[in-house]
>>> print(open('data_27.cif').read())   # mmCIF, C-alpha atoms
data_final
loop_
_atom_site.label_atom_id
_atom_site.label_comp_id
_atom_site.auth_asym_id
_atom_site.auth_seq_id
_atom_site.Cartn_x
_atom_site.Cartn_y
_atom_site.Cartn_z
CA MET A 7 2.56 28.33 -8.01
CA LEU A 8 -1.21 28.30 -7.26
CA GLN A 9 -3.39 28.23 -10.35
CA SER A 10 -7.20 28.30 -10.49
CA PRO A 11 -9.47 26.85 -7.79
CA LYS A 12 -10.02 23.18 -8.60
CA MET A 13 -12.29 21.98 -5.80
CA ILE A 14 -14.26 23.45 -2.91
CA SER A 15 -15.00 21.03 -0.07
CA TYR A 16 -17.86 21.51 2.41
CA HIS A 17 -18.14 19.40 5.54
CA VAL A 18 -21.78 18.58 6.34
CA PRO A 19 -23.45 16.78 9.26
CA ASP A 20 -25.83 14.78 7.01
CA LEU A 21 -24.32 13.84 3.66
CA GLU A 22 -27.54 12.49 2.15
CA LYS A 23 -29.56 15.60 2.98
CA ALA A 24 -26.76 17.86 1.75
CA LYS A 25 -26.53 15.90 -1.49
CA GLN A 26 -30.25 16.29 -2.14
CA TRP A 27 -30.19 20.00 -1.28
CA TYR A 28 -27.25 20.78 -3.59
CA ALA A 29 -28.67 18.63 -6.36
CA GLN A 30 -31.82 20.78 -6.23
CA VAL A 31 -29.88 24.04 -6.06
CA LEU A 32 -27.44 23.13 -8.84
CA GLY A 33 -29.99 21.37 -11.00
CA CYS A 34 -27.91 18.22 -11.43
CA GLY A 35 -26.87 15.13 -9.54
CA PRO A 36 -23.34 14.39 -8.31
CA ALA A 37 -20.77 13.08 -10.78
CA PHE A 38 -19.25 11.04 -7.96
CA ASP A 39 -21.40 9.62 -5.18
CA SER A 40 -20.15 7.55 -2.26
CA PRO A 41 -20.59 7.35 1.52
CA MET A 42 -17.31 9.27 1.85
CA ALA A 43 -17.98 12.13 -0.56
CA CYS A 44 -20.35 13.50 -3.18
CA VAL A 45 -18.80 15.62 -5.92
CA PHE A 46 -20.70 18.03 -8.18
CA PRO A 47 -18.98 19.46 -11.27
CA ILE A 48 -19.36 23.24 -11.51
CA GLY A 49 -17.68 24.63 -14.59
CA ASP A 50 -13.95 24.00 -14.35
CA CYS A 51 -14.26 23.47 -10.60
CA ALA A 52 -15.97 20.93 -8.37
CA LEU A 53 -17.93 21.00 -5.13
CA ALA A 54 -17.15 18.12 -2.76
CA LEU A 55 -19.49 17.36 0.13
CA LEU A 56 -17.79 15.48 2.95
CA PRO A 57 -19.38 14.06 6.10
CA ILE A 58 -18.34 15.47 9.46
CA GLU A 59 -16.92 12.91 11.83
CA LYS A 60 -18.51 12.63 15.24
CA GLY A 61 -16.93 15.17 17.55
CA GLU A 62 -15.24 16.96 14.66
CA GLY A 63 -17.11 20.21 15.13
CA THR A 64 -19.20 22.40 12.87
CA SER A 65 -19.52 22.54 9.12
CA GLY A 66 -16.86 24.33 7.14
CA GLY A 67 -15.25 24.69 3.75
CA VAL A 68 -11.80 24.48 2.16
CA ALA A 69 -10.71 25.73 -1.27
CA PHE A 70 -8.31 23.42 -3.11
CA TRP A 71 -6.07 25.15 -5.64
CA LYS A 72 -4.90 23.38 -8.76
CA VAL A 73 -1.11 22.94 -8.97
CA ASN A 74 1.14 21.19 -11.45
CA ASP A 75 3.75 19.81 -9.05
CA ILE A 76 2.17 19.25 -5.64
CA ASP A 77 5.42 18.08 -4.02
CA ASP A 78 7.19 21.30 -5.01
CA VAL A 79 4.27 23.55 -4.00
CA TYR A 80 3.88 21.77 -0.65
CA ARG A 81 7.59 22.29 0.05
CA ARG A 82 7.53 25.95 -1.00
CA LEU A 83 4.47 26.72 1.13
CA LYS A 84 6.18 25.18 4.17
CA GLU A 85 9.32 27.21 3.47
CA ALA A 86 7.16 30.35 3.36
CA GLY A 87 5.80 29.61 6.84
CA ALA A 88 2.66 27.52 6.20
CA GLN A 89 2.09 24.67 8.65
CA PRO A 90 1.09 21.25 7.30
CA VAL A 91 -2.40 20.11 8.31
CA THR A 92 -2.21 16.87 6.32
CA GLU A 93 0.53 15.26 4.28
CA ILE A 94 0.21 14.75 0.53
CA THR A 95 -2.03 11.78 -0.16
CA LEU A 96 -3.99 10.08 -2.92
CA LEU A 97 -7.67 11.00 -3.22
CA MET A 98 -9.57 7.88 -4.33
CA LEU A 99 -6.62 6.79 -6.50
CA ARG A 100 -7.21 9.81 -8.76
CA SER A 101 -5.63 13.04 -7.51
CA ARG A 102 -3.03 13.95 -4.93
CA ILE A 103 -4.15 16.48 -2.31
CA ALA A 104 -2.88 18.17 0.83
CA ARG A 105 -3.89 20.90 3.27
CA LEU A 106 -1.73 23.51 4.99
CA ARG A 107 -2.51 26.42 7.35
CA ASP A 108 -1.24 29.86 6.38
CA PRO A 109 0.31 32.19 9.03
CA PHE A 110 -3.11 33.83 9.49
CA GLY A 111 -5.05 30.69 10.37
CA ASN A 112 -6.59 29.97 6.95
CA ILE A 113 -6.56 26.51 5.37
CA ILE A 114 -4.94 26.25 1.94
CA GLY A 115 -5.87 23.15 -0.04
CA ILE A 116 -3.76 22.04 -3.00
CA ILE A 117 -4.65 19.38 -5.55
CA SER A 118 -2.86 17.93 -8.56
CA ASP A 119 -4.44 15.76 -11.23
CA SER A 120 -1.29 14.93 -13.12
CA GLU A 121 2.25 14.44 -11.96
CA LYS A 122 5.66 14.60 -13.50
CA ARG A 123 7.21 11.14 -13.59
CA THR A 124 9.15 10.48 -10.44
CA SER A 125 10.09 7.38 -8.48
CA VAL A 126 9.89 5.94 -4.98
CA GLU A 127 13.31 7.48 -4.46
CA ASP A 128 11.65 10.92 -4.56
CA ARG A 129 8.56 10.35 -2.40
CA PRO A 130 6.97 7.66 -0.23
CA SER A 131 5.46 4.74 -2.11
CA GLU A 132 1.79 5.33 -2.89
CA SER A 133 1.16 1.67 -3.68
CA ALA A 134 2.48 0.80 -0.19
CA LEU A 135 0.07 3.38 1.25
CA THR A 136 -2.85 1.73 -0.57
CA VAL A 137 -1.83 -1.67 0.81
CA ALA A 138 -1.61 -0.25 4.33
CA PHE A 139 -5.07 1.26 3.90
CA CYS A 140 -6.50 -2.10 2.83
CA ARG A 141 -4.84 -3.83 5.79
CA ALA A 142 -6.31 -1.20 8.11
CA LEU A 143 -9.70 -1.62 6.44
CA ALA A 144 -9.50 -5.36 7.05
CA THR A 145 -9.12 -4.88 10.81
CA PHE A 146 -12.70 -3.52 10.83
CA ASP A 147 -14.13 -6.40 8.78
CA SER A 148 -17.18 -7.87 10.51
CA ARG A 149 -16.36 -11.40 9.32
CA ASP A 150 -14.29 -13.07 12.03
CA GLU A 151 -12.66 -15.55 9.64
CA ILE A 152 -10.97 -12.89 7.53
CA ARG A 153 -10.66 -9.94 9.92
CA GLY A 154 -7.22 -8.45 9.38
CA PRO A 155 -4.51 -9.01 12.00
CA ASP A 156 -2.52 -5.84 11.28
CA THR A 157 -3.74 -3.57 14.05
CA LEU A 158 -0.88 -1.14 13.41
CA ALA A 159 -1.79 -0.48 9.76
CA GLU A 160 -4.07 2.44 10.65
CA LEU A 161 -1.02 4.40 11.81
CA PHE A 162 0.17 4.67 8.21
CA VAL A 163 -3.18 5.70 6.68
CA ALA A 164 -3.30 9.32 5.56
CA GLU A 165 -5.50 11.58 7.67
CA GLU A 166 -7.78 12.31 4.71
CA SER A 167 -8.70 8.62 4.52
CA ARG A 168 -9.05 7.64 8.17
CA ALA A 169 -12.70 8.64 8.59
CA SER A 170 -13.79 6.05 6.02
CA LEU A 171 -12.32 3.22 8.12
CA LYS A 172 -14.90 3.73 10.86
CA ASP A 173 -17.92 4.18 8.58
CA PRO A 174 -19.62 0.83 7.72
CA ALA A 175 -21.21 2.22 4.54
CA ALA A 176 -17.88 3.67 3.39
CA ARG A 177 -16.08 0.40 4.12
CA ALA A 178 -18.61 -1.62 2.10
CA TRP A 179 -18.33 0.82 -0.81
CA LEU A 180 -14.52 0.72 -0.74
CA ILE A 181 -14.33 -3.08 -0.62
CA GLU A 182 -16.53 -3.24 -3.71
CA LYS A 183 -14.52 -0.58 -5.53
CA PHE A 184 -11.16 -2.21 -4.80
CA GLY A 185 -12.34 -5.04 -7.08
CA GLY A 186 -10.52 -8.05 -5.64
CA THR A 187 -7.38 -6.28 -4.39
CA TYR A 188 -8.81 -5.88 -0.88
CA GLU A 189 -9.34 -9.65 -0.68
CA TYR A 190 -5.93 -10.27 -2.19
CA PHE A 191 -4.14 -8.08 0.36
CA ILE A 192 -5.97 -9.89 3.18
CA ALA A 193 -4.80 -13.25 1.83
CA ARG A 194 -1.26 -12.07 1.14
CA THR A 195 -0.91 -10.67 4.66
CA LEU A 196 -2.17 -13.90 6.24
CA TYR A 197 0.15 -15.96 4.05
CA GLY A 198 3.20 -13.85 4.91
CA ASP A 199 2.31 -13.94 8.61
CA ARG A 200 2.13 -17.72 8.53
CA VAL A 201 5.45 -18.11 6.73
CA LEU A 202 7.20 -15.67 9.07
CA LEU A 203 5.84 -17.30 12.24
CA GLU A 204 7.00 -20.71 10.99
CA ALA A 205 10.48 -19.27 10.52
CA LEU A 206 10.47 -17.69 13.99
CA ASN A 207 9.24 -20.91 15.60
CA ASP A 208 12.13 -22.70 13.87
CA ARG A 209 14.51 -20.10 15.35
CA LEU A 210 15.71 -19.00 11.92
CA PRO A 211 18.61 -16.59 12.53
CA GLN A 212 17.72 -13.97 9.90
CA VAL A 213 14.70 -12.52 8.09
CA VAL A 214 14.91 -9.95 5.29
CA LEU A 215 11.81 -7.99 4.27
CA VAL A 216 12.58 -6.95 0.71
CA GLY A 217 10.67 -3.76 -0.11
CA ALA A 218 9.08 -3.69 3.33
CA GLY A 219 6.75 -0.74 2.75
CA TYR A 220 4.53 -0.33 5.81
CA ASP A 221 4.99 -3.92 6.99
CA SER A 222 4.51 -4.05 10.76
CA ARG A 223 5.43 -7.68 11.42
CA ALA A 224 8.62 -6.92 13.35
CA TYR A 225 6.43 -4.95 15.78
CA ARG A 226 3.43 -7.28 15.79
CA PHE A 227 5.57 -10.39 16.36
CA ARG A 228 8.07 -8.71 18.65
CA ASP A 229 7.66 -11.35 21.39
CA SER A 230 8.39 -14.17 18.93
CA LEU A 231 11.59 -12.72 17.48
CA ARG A 232 13.94 -13.90 20.23
CA GLY A 233 17.36 -14.21 18.56
CA THR A 234 16.15 -13.66 14.97
CA ARG A 235 17.47 -10.53 13.31
CA VAL A 236 15.10 -8.70 10.96
CA PHE A 237 16.34 -6.45 8.15
CA GLU A 238 13.89 -4.18 6.33
CA LEU A 239 15.04 -3.16 2.84
CA ASP A 240 13.20 -0.25 1.25
CA ALA A 241 13.52 3.12 -0.46
CA LEU A 242 14.45 5.89 1.94
CA PRO A 243 11.36 8.18 1.60
CA THR A 244 8.94 5.36 2.50
CA GLN A 245 11.21 4.12 5.27
CA ARG A 246 11.55 7.61 6.73
CA ARG A 247 7.77 8.21 6.78
CA LYS A 248 7.17 4.82 8.38
CA LYS A 249 9.70 5.50 11.14
CA GLN A 250 8.30 8.96 11.84
CA LEU A 251 4.77 7.60 12.26
CA LEU A 252 5.83 4.71 14.49
CA ASP A 253 8.00 7.01 16.61
CA GLY A 254 5.16 9.50 16.82
CA ALA A 255 2.90 6.76 18.18
CA GLY A 256 5.47 5.99 20.87
CA LEU A 257 6.32 2.56 19.44
CA GLN A 258 9.96 1.71 19.96
CA PRO A 259 11.45 -0.66 17.38
CA PRO A 260 12.50 -4.10 18.61
CA SER A 261 16.25 -4.39 19.15
CA GLN A 262 16.40 -7.14 16.50
CA LEU A 263 15.16 -4.79 13.73
CA THR A 264 17.48 -2.94 11.36
CA LEU A 265 16.22 -0.52 8.69
CA VAL A 266 18.29 -0.66 5.50
CA PRO A 267 17.58 2.03 2.86
CA ILE A 268 18.17 0.97 -0.75
CA ASN A 269 17.57 2.02 -4.34
CA PHE A 270 16.63 -1.30 -5.94
CA GLU A 271 17.49 -0.09 -9.45
CA THR A 272 20.99 1.27 -8.70
CA GLN A 273 22.28 -0.39 -5.51
CA ALA A 274 23.26 -3.98 -4.84
CA PRO A 275 21.24 -5.54 -1.97
CA ALA A 276 24.33 -7.48 -0.85
CA GLU A 277 26.36 -4.31 -0.39
CA VAL A 278 23.80 -2.43 1.72
CA LEU A 279 22.81 -5.49 3.77
CA MET A 280 26.41 -6.46 4.59
CA ARG A 281 27.04 -2.96 5.91
CA ALA A 282 23.97 -3.36 8.12
CA GLY A 283 25.23 -6.60 9.68
CA PHE A 284 23.61 -9.26 7.50
CA ASP A 285 25.49 -12.59 7.65
CA PRO A 286 25.45 -14.54 4.35
CA ARG A 287 26.53 -17.73 6.14
CA LYS A 288 23.22 -17.98 8.01
CA LYS A 289 19.97 -19.50 6.83
CA THR A 290 17.52 -16.71 5.99
CA LEU A 291 13.88 -16.11 5.08
CA PHE A 292 13.40 -13.46 2.39
CA LEU A 293 9.87 -12.07 2.43
CA TRP A 294 9.26 -10.18 -0.81
CA GLU A 295 5.71 -8.80 -1.08
CA GLY A 296 4.30 -6.35 -3.60
CA VAL A 297 7.62 -5.45 -5.20
CA SER A 298 8.65 -7.63 -8.13
CA TYR A 299 6.03 -6.36 -10.57
CA TYR A 300 7.22 -2.75 -10.14
CA LEU A 301 10.83 -3.64 -11.00
CA SER A 302 12.64 -4.10 -14.28
CA ALA A 303 13.52 -7.64 -15.34
CA ASP A 304 17.16 -6.83 -14.61
CA ALA A 305 16.35 -5.70 -11.06
CA VAL A 306 14.31 -8.87 -10.42
CA GLU A 307 17.17 -10.97 -11.76
CA ALA A 308 19.62 -9.13 -9.53
CA THR A 309 17.49 -9.78 -6.46
CA PHE A 310 17.32 -13.54 -7.08
CA THR A 311 21.06 -13.56 -7.81
CA PHE A 312 21.73 -11.77 -4.54
CA ILE A 313 19.64 -14.28 -2.57
CA ARG A 314 21.31 -17.22 -4.29
CA GLU A 315 24.85 -15.94 -3.80
CA ASN A 316 24.50 -14.44 -0.33
CA SER A 317 22.51 -16.87 1.80
CA ALA A 318 23.05 -20.35 3.17
CA PRO A 319 21.53 -23.47 1.54
CA GLY A 320 18.06 -24.04 2.94
CA SER A 321 17.20 -20.35 2.88
CA THR A 322 13.77 -19.56 1.47
CA VAL A 323 12.15 -16.75 -0.47
CA CYS A 324 8.42 -16.07 -0.14
CA PHE A 325 7.02 -13.67 -2.74
CA ASP A 326 4.10 -12.71 -4.93
CA TYR A 327 4.34 -12.16 -8.65
CA MET A 328 2.21 -10.93 -11.52
CA VAL A 329 0.97 -13.67 -13.84
CA GLN A 330 1.17 -13.12 -17.59
CA ALA A 331 -1.29 -14.79 -19.94
CA PRO A 332 -2.84 -13.85 -23.33
CA ASP A 333 -6.33 -13.57 -21.80
CA MET A 334 -5.30 -11.98 -18.49
CA GLN A 335 -7.06 -8.67 -19.23
CA ASN A 336 -10.37 -10.56 -19.41
CA ARG A 337 -10.05 -12.24 -16.00
CA TYR A 338 -11.69 -11.10 -12.79
CA GLY A 339 -10.73 -7.57 -11.78
CA VAL A 340 -7.57 -7.38 -13.87
CA LYS A 341 -8.38 -4.62 -16.35
CA VAL A 342 -9.95 -2.36 -13.70
CA VAL A 343 -7.00 -2.83 -11.32
CA LEU A 344 -4.30 -2.25 -13.93
CA ASP A 345 -6.06 0.82 -15.35
CA SER A 346 -6.49 2.38 -11.89
CA TRP A 347 -2.89 1.62 -10.91
CA ARG A 348 -1.52 3.21 -14.10
CA LYS A 349 -3.41 6.42 -13.34
CA ALA A 350 -2.70 6.50 -9.61
CA TYR A 351 0.87 5.30 -9.20
CA THR A 352 2.78 7.74 -11.38
CA ALA A 353 6.01 6.85 -9.56
CA GLU A 354 5.50 3.08 -9.74
CA HIS A 355 4.83 1.35 -13.03
CA VAL A 356 3.90 -2.31 -13.47
CA ARG A 357 6.70 -3.87 -15.49
CA PHE A 358 7.51 -7.47 -14.61
CA GLY A 359 5.62 -10.75 -14.65
CA VAL A 360 6.06 -14.50 -15.08
CA ASP A 361 4.20 -16.51 -17.71
CA GLU A 362 1.36 -18.57 -16.31
CA GLY A 363 2.52 -22.06 -15.36
CA ALA A 364 6.20 -21.16 -15.77
CA ILE A 365 7.14 -20.26 -12.18
CA GLU A 366 8.75 -23.63 -11.38
CA THR A 367 11.00 -23.42 -14.44
CA PHE A 368 11.71 -19.74 -13.77
CA LEU A 369 12.92 -20.52 -10.25
CA SER A 370 14.81 -23.68 -11.20
CA GLN A 371 16.84 -21.73 -13.75
CA ARG A 372 17.91 -19.42 -10.91
CA GLY A 373 18.89 -22.12 -8.43
CA PHE A 374 15.64 -22.38 -6.43
CA ARG A 375 13.21 -25.24 -5.89
CA LEU A 376 9.52 -24.36 -5.79
CA ILE A 377 7.88 -25.37 -2.49
CA GLU A 378 4.40 -24.08 -3.22
CA ASN A 379 2.60 -21.87 -5.68
CA LEU A 380 -0.87 -20.63 -4.81
CA THR A 381 -3.07 -19.70 -7.76
CA THR A 382 -6.14 -17.48 -7.43
CA PRO A 383 -8.61 -20.32 -6.64
CA GLU A 384 -6.18 -21.77 -4.08
CA ILE A 385 -5.68 -18.37 -2.44
CA GLU A 386 -9.44 -17.92 -2.16
CA LYS A 387 -10.01 -21.39 -0.74
CA ARG A 388 -7.23 -21.17 1.84
CA PHE A 389 -7.69 -17.62 3.11
CA LEU A 390 -11.20 -16.43 2.19
CA THR A 391 -13.43 -19.38 3.07
CA LEU A 392 -16.06 -18.58 5.70
CA LYS A 393 -17.47 -20.98 8.28
CA ASP A 394 -20.45 -21.83 6.10
CA GLY A 395 -18.16 -22.83 3.23
CA SER A 396 -18.85 -19.76 1.11
CA LEU A 397 -16.15 -17.33 -0.02
CA ALA A 398 -15.79 -13.91 1.58
CA GLY A 399 -14.95 -12.57 -1.87
CA HIS A 400 -12.86 -13.14 -4.96
CA VAL A 401 -9.23 -12.28 -5.51
CA VAL A 402 -8.11 -10.28 -8.53
CA ALA A 403 -6.79 -12.87 -10.98
CA LEU A 404 -3.47 -11.15 -11.54
CA PHE A 405 -1.20 -12.50 -8.81
CA ASN A 406 0.09 -15.77 -7.40
CA LEU A 407 1.84 -16.43 -4.10
CA ALA A 408 4.98 -18.56 -4.14
CA ARG A 409 7.61 -19.96 -1.80
CA ALA A 410 10.92 -21.41 -2.94
CA LEU A 411 13.93 -23.08 -1.33
CA LEU A 412 17.54 -22.31 -2.17
CA ASP A 413 19.06 -25.64 -3.19
CA GLY A 414 22.39 -26.58 -1.69
#
>>> encode(input="data_27.cif", output="structure tokens")
Amino acid sequence: MLQSPKMISYHVPDLEKAKQWYAQVLGCGPAFDSPMACVFPIGDCALALLPIEKGEGTSGGVAFWKVNDIDDVYRRLKEAGAQPVTEITLLMLRSRIARLRDPFGNIIGIISDSEKRTSVEDRPSESALTVAFCRALATFDSRDEIRGPDTLAELFVAEESRASLKDPAARAWLIEKFGGTYEYFIARTLYGDRVLLEALNDRLPQVVLVGAGYDSRAYRFRDSLRGTRVFELDALPTQRRKKQLLDGAGLQPPSQLTLVPINFETQAPAEVLMRAGFDPRKKTLFLWEGVSYYLSADAVEATFTFIRENSAPGSTVCFDYMVQAPDMQNRYGVKVVLDSWRKAYTAEHVRFGVDEGAIETFLSQRGFRLIENLTTPEIEKRFLTLKDGSLAGHVVALFNLARALLDG
């Protein structure tokens, strides 16, 4: 079950001083250096120096054991009587780690570099966790114009990552390393908020969040819901974790919200939604963020077919999609983002996209009329422009935002 030690972590009160001291002792600099951690390779193992949060206590160390299947080992350790200290989470989009306490008070760390191929039906979505982290990060942004509105996002951030949210140096480093996805998630959140609030102001009777992930809009806009019913469609493991964290924070769901678990590859959205009380005769907004590119072409087709055949004329779908073009790998941030996602999201693989400039035809062939399509420059101009006219940053050139109307 446990193999060889893979990483030893030391918590230190002054990361810079500790880095210099260990560099002198070990005779080499860190292989990974950031405001959140410095990592020194030592043979087949690694030494990670981590800053102590204010009020966290004294320095200490944890040994992380290499495992092949971290989900299985985590479960078996709990069954043997170990108490979880943290849940399983991604470490800098590279490894998955967790900590548990044995019956004798010792901390057991486990780490896995590679994973067997699974799906979001087996464990909570890691891409959704990354998006929630970026939304939480945005709430600390010092720039008023783009500061994130999702004040609940921090609830969903794994404990291992929360310290970096409150460290200005760590935040700046992370924003740079996210390479345009941080800015994109800010823009996508603001766009979705705007579309949803328009629908609520128009007293639209139904909203469906397709692949809701850690979306908190039903809670954030609770006072604006009035008679609008909100249905959240998502895979059960992600939905279960989200509910546990919200319940643990003492946040009661609004009465208008219904959680609807679904396997997008094997279940028909119409079937599960009808059982949950969805009314196909009513005009509906379908908000579909961060999902289509992880689905097969057949699953995307089935989703559009469901919307077309099970909602009233005048219903709308608001979604983002991956753009396909021969030179896409050479555009801003694309290669770095796709490479990191392939390594990190072993349960979620990028599969679907729409050819550049073809979205209007794509939608028309499926019974929808394009209302708007925001390209990368338009996204930047609308959502990332600061008061002085400059841009807060650039958006990775991989995605567009679109809204379409179901023709009668």
>>> closest_residue(input="data_27.cif", among="A:Val356, A:Leu96, A:Met334, A:Val45", to="Glu165 of chain A", atoms="only C-alpha atoms")
A:Leu96
>>> resolve_selection(input="data_27.cif", expression="the PyMOL selection byres ((chain A and resi 93) around 9)", output="ChimeraX atom specification")
/A:80,90-92,94-95,103-106,164-166
>>> write_last_selection(input="data_27.cif", atoms="C-alpha atoms", output="PDB file, keeping the file's coordinate frame")
ATOM      1  CA  TYR A  80       3.880  21.770  -0.650  1.00  0.00           C
ATOM      2  CA  PRO A  90       1.090  21.250   7.300  1.00  0.00           C
ATOM      3  CA  VAL A  91      -2.400  20.110   8.310  1.00  0.00           C
ATOM      4  CA  THR A  92      -2.210  16.870   6.320  1.00  0.00           C
ATOM      5  CA  ILE A  94       0.210  14.750   0.530  1.00  0.00           C
ATOM      6  CA  THR A  95      -2.030  11.780  -0.160  1.00  0.00           C
ATOM      7  CA  ILE A 103      -4.150  16.480  -2.310  1.00  0.00           C
ATOM      8  CA  ALA A 104      -2.880  18.170   0.830  1.00  0.00           C
ATOM      9  CA  ARG A 105      -3.890  20.900   3.270  1.00  0.00           C
ATOM     10  CA  LEU A 106      -1.730  23.510   4.990  1.00  0.00           C
ATOM     11  CA  ALA A 164      -3.300   9.320   5.560  1.00  0.00           C
ATOM     12  CA  GLU A 165      -5.500  11.580   7.670  1.00  0.00           C
ATOM     13  CA  GLU A 166      -7.780  12.310   4.710  1.00  0.00           C
TER      14      GLU A 166
END
>>> atom_distance(input="data_27.cif", atom1="atom CA of Leu171 of chain A", atom2="atom CA of Gly154 of chain A")
12.8 Å
>>> atom_distance(input="data_27.cif", atom1="atom CA of Arg168 of chain A", atom2="atom CA of Tyr220 of chain A")
15.9 Å
>>> residues_around(input="data_27.cif", residues="Val402 of chain A", least_positions_apart="5", cutoff="7 Å", atoms="all atoms listed in the file", output="PyMOL selection string")
chain A and resi 185-187+190+338-340
>>> resolve_selection(input="data_27.cif", expression="the PyMOL selection byres ((chain A and resi 195) around 9)", output="PyMOL selection string")
chain A and resi 141+154-156+190-194+196-200+295
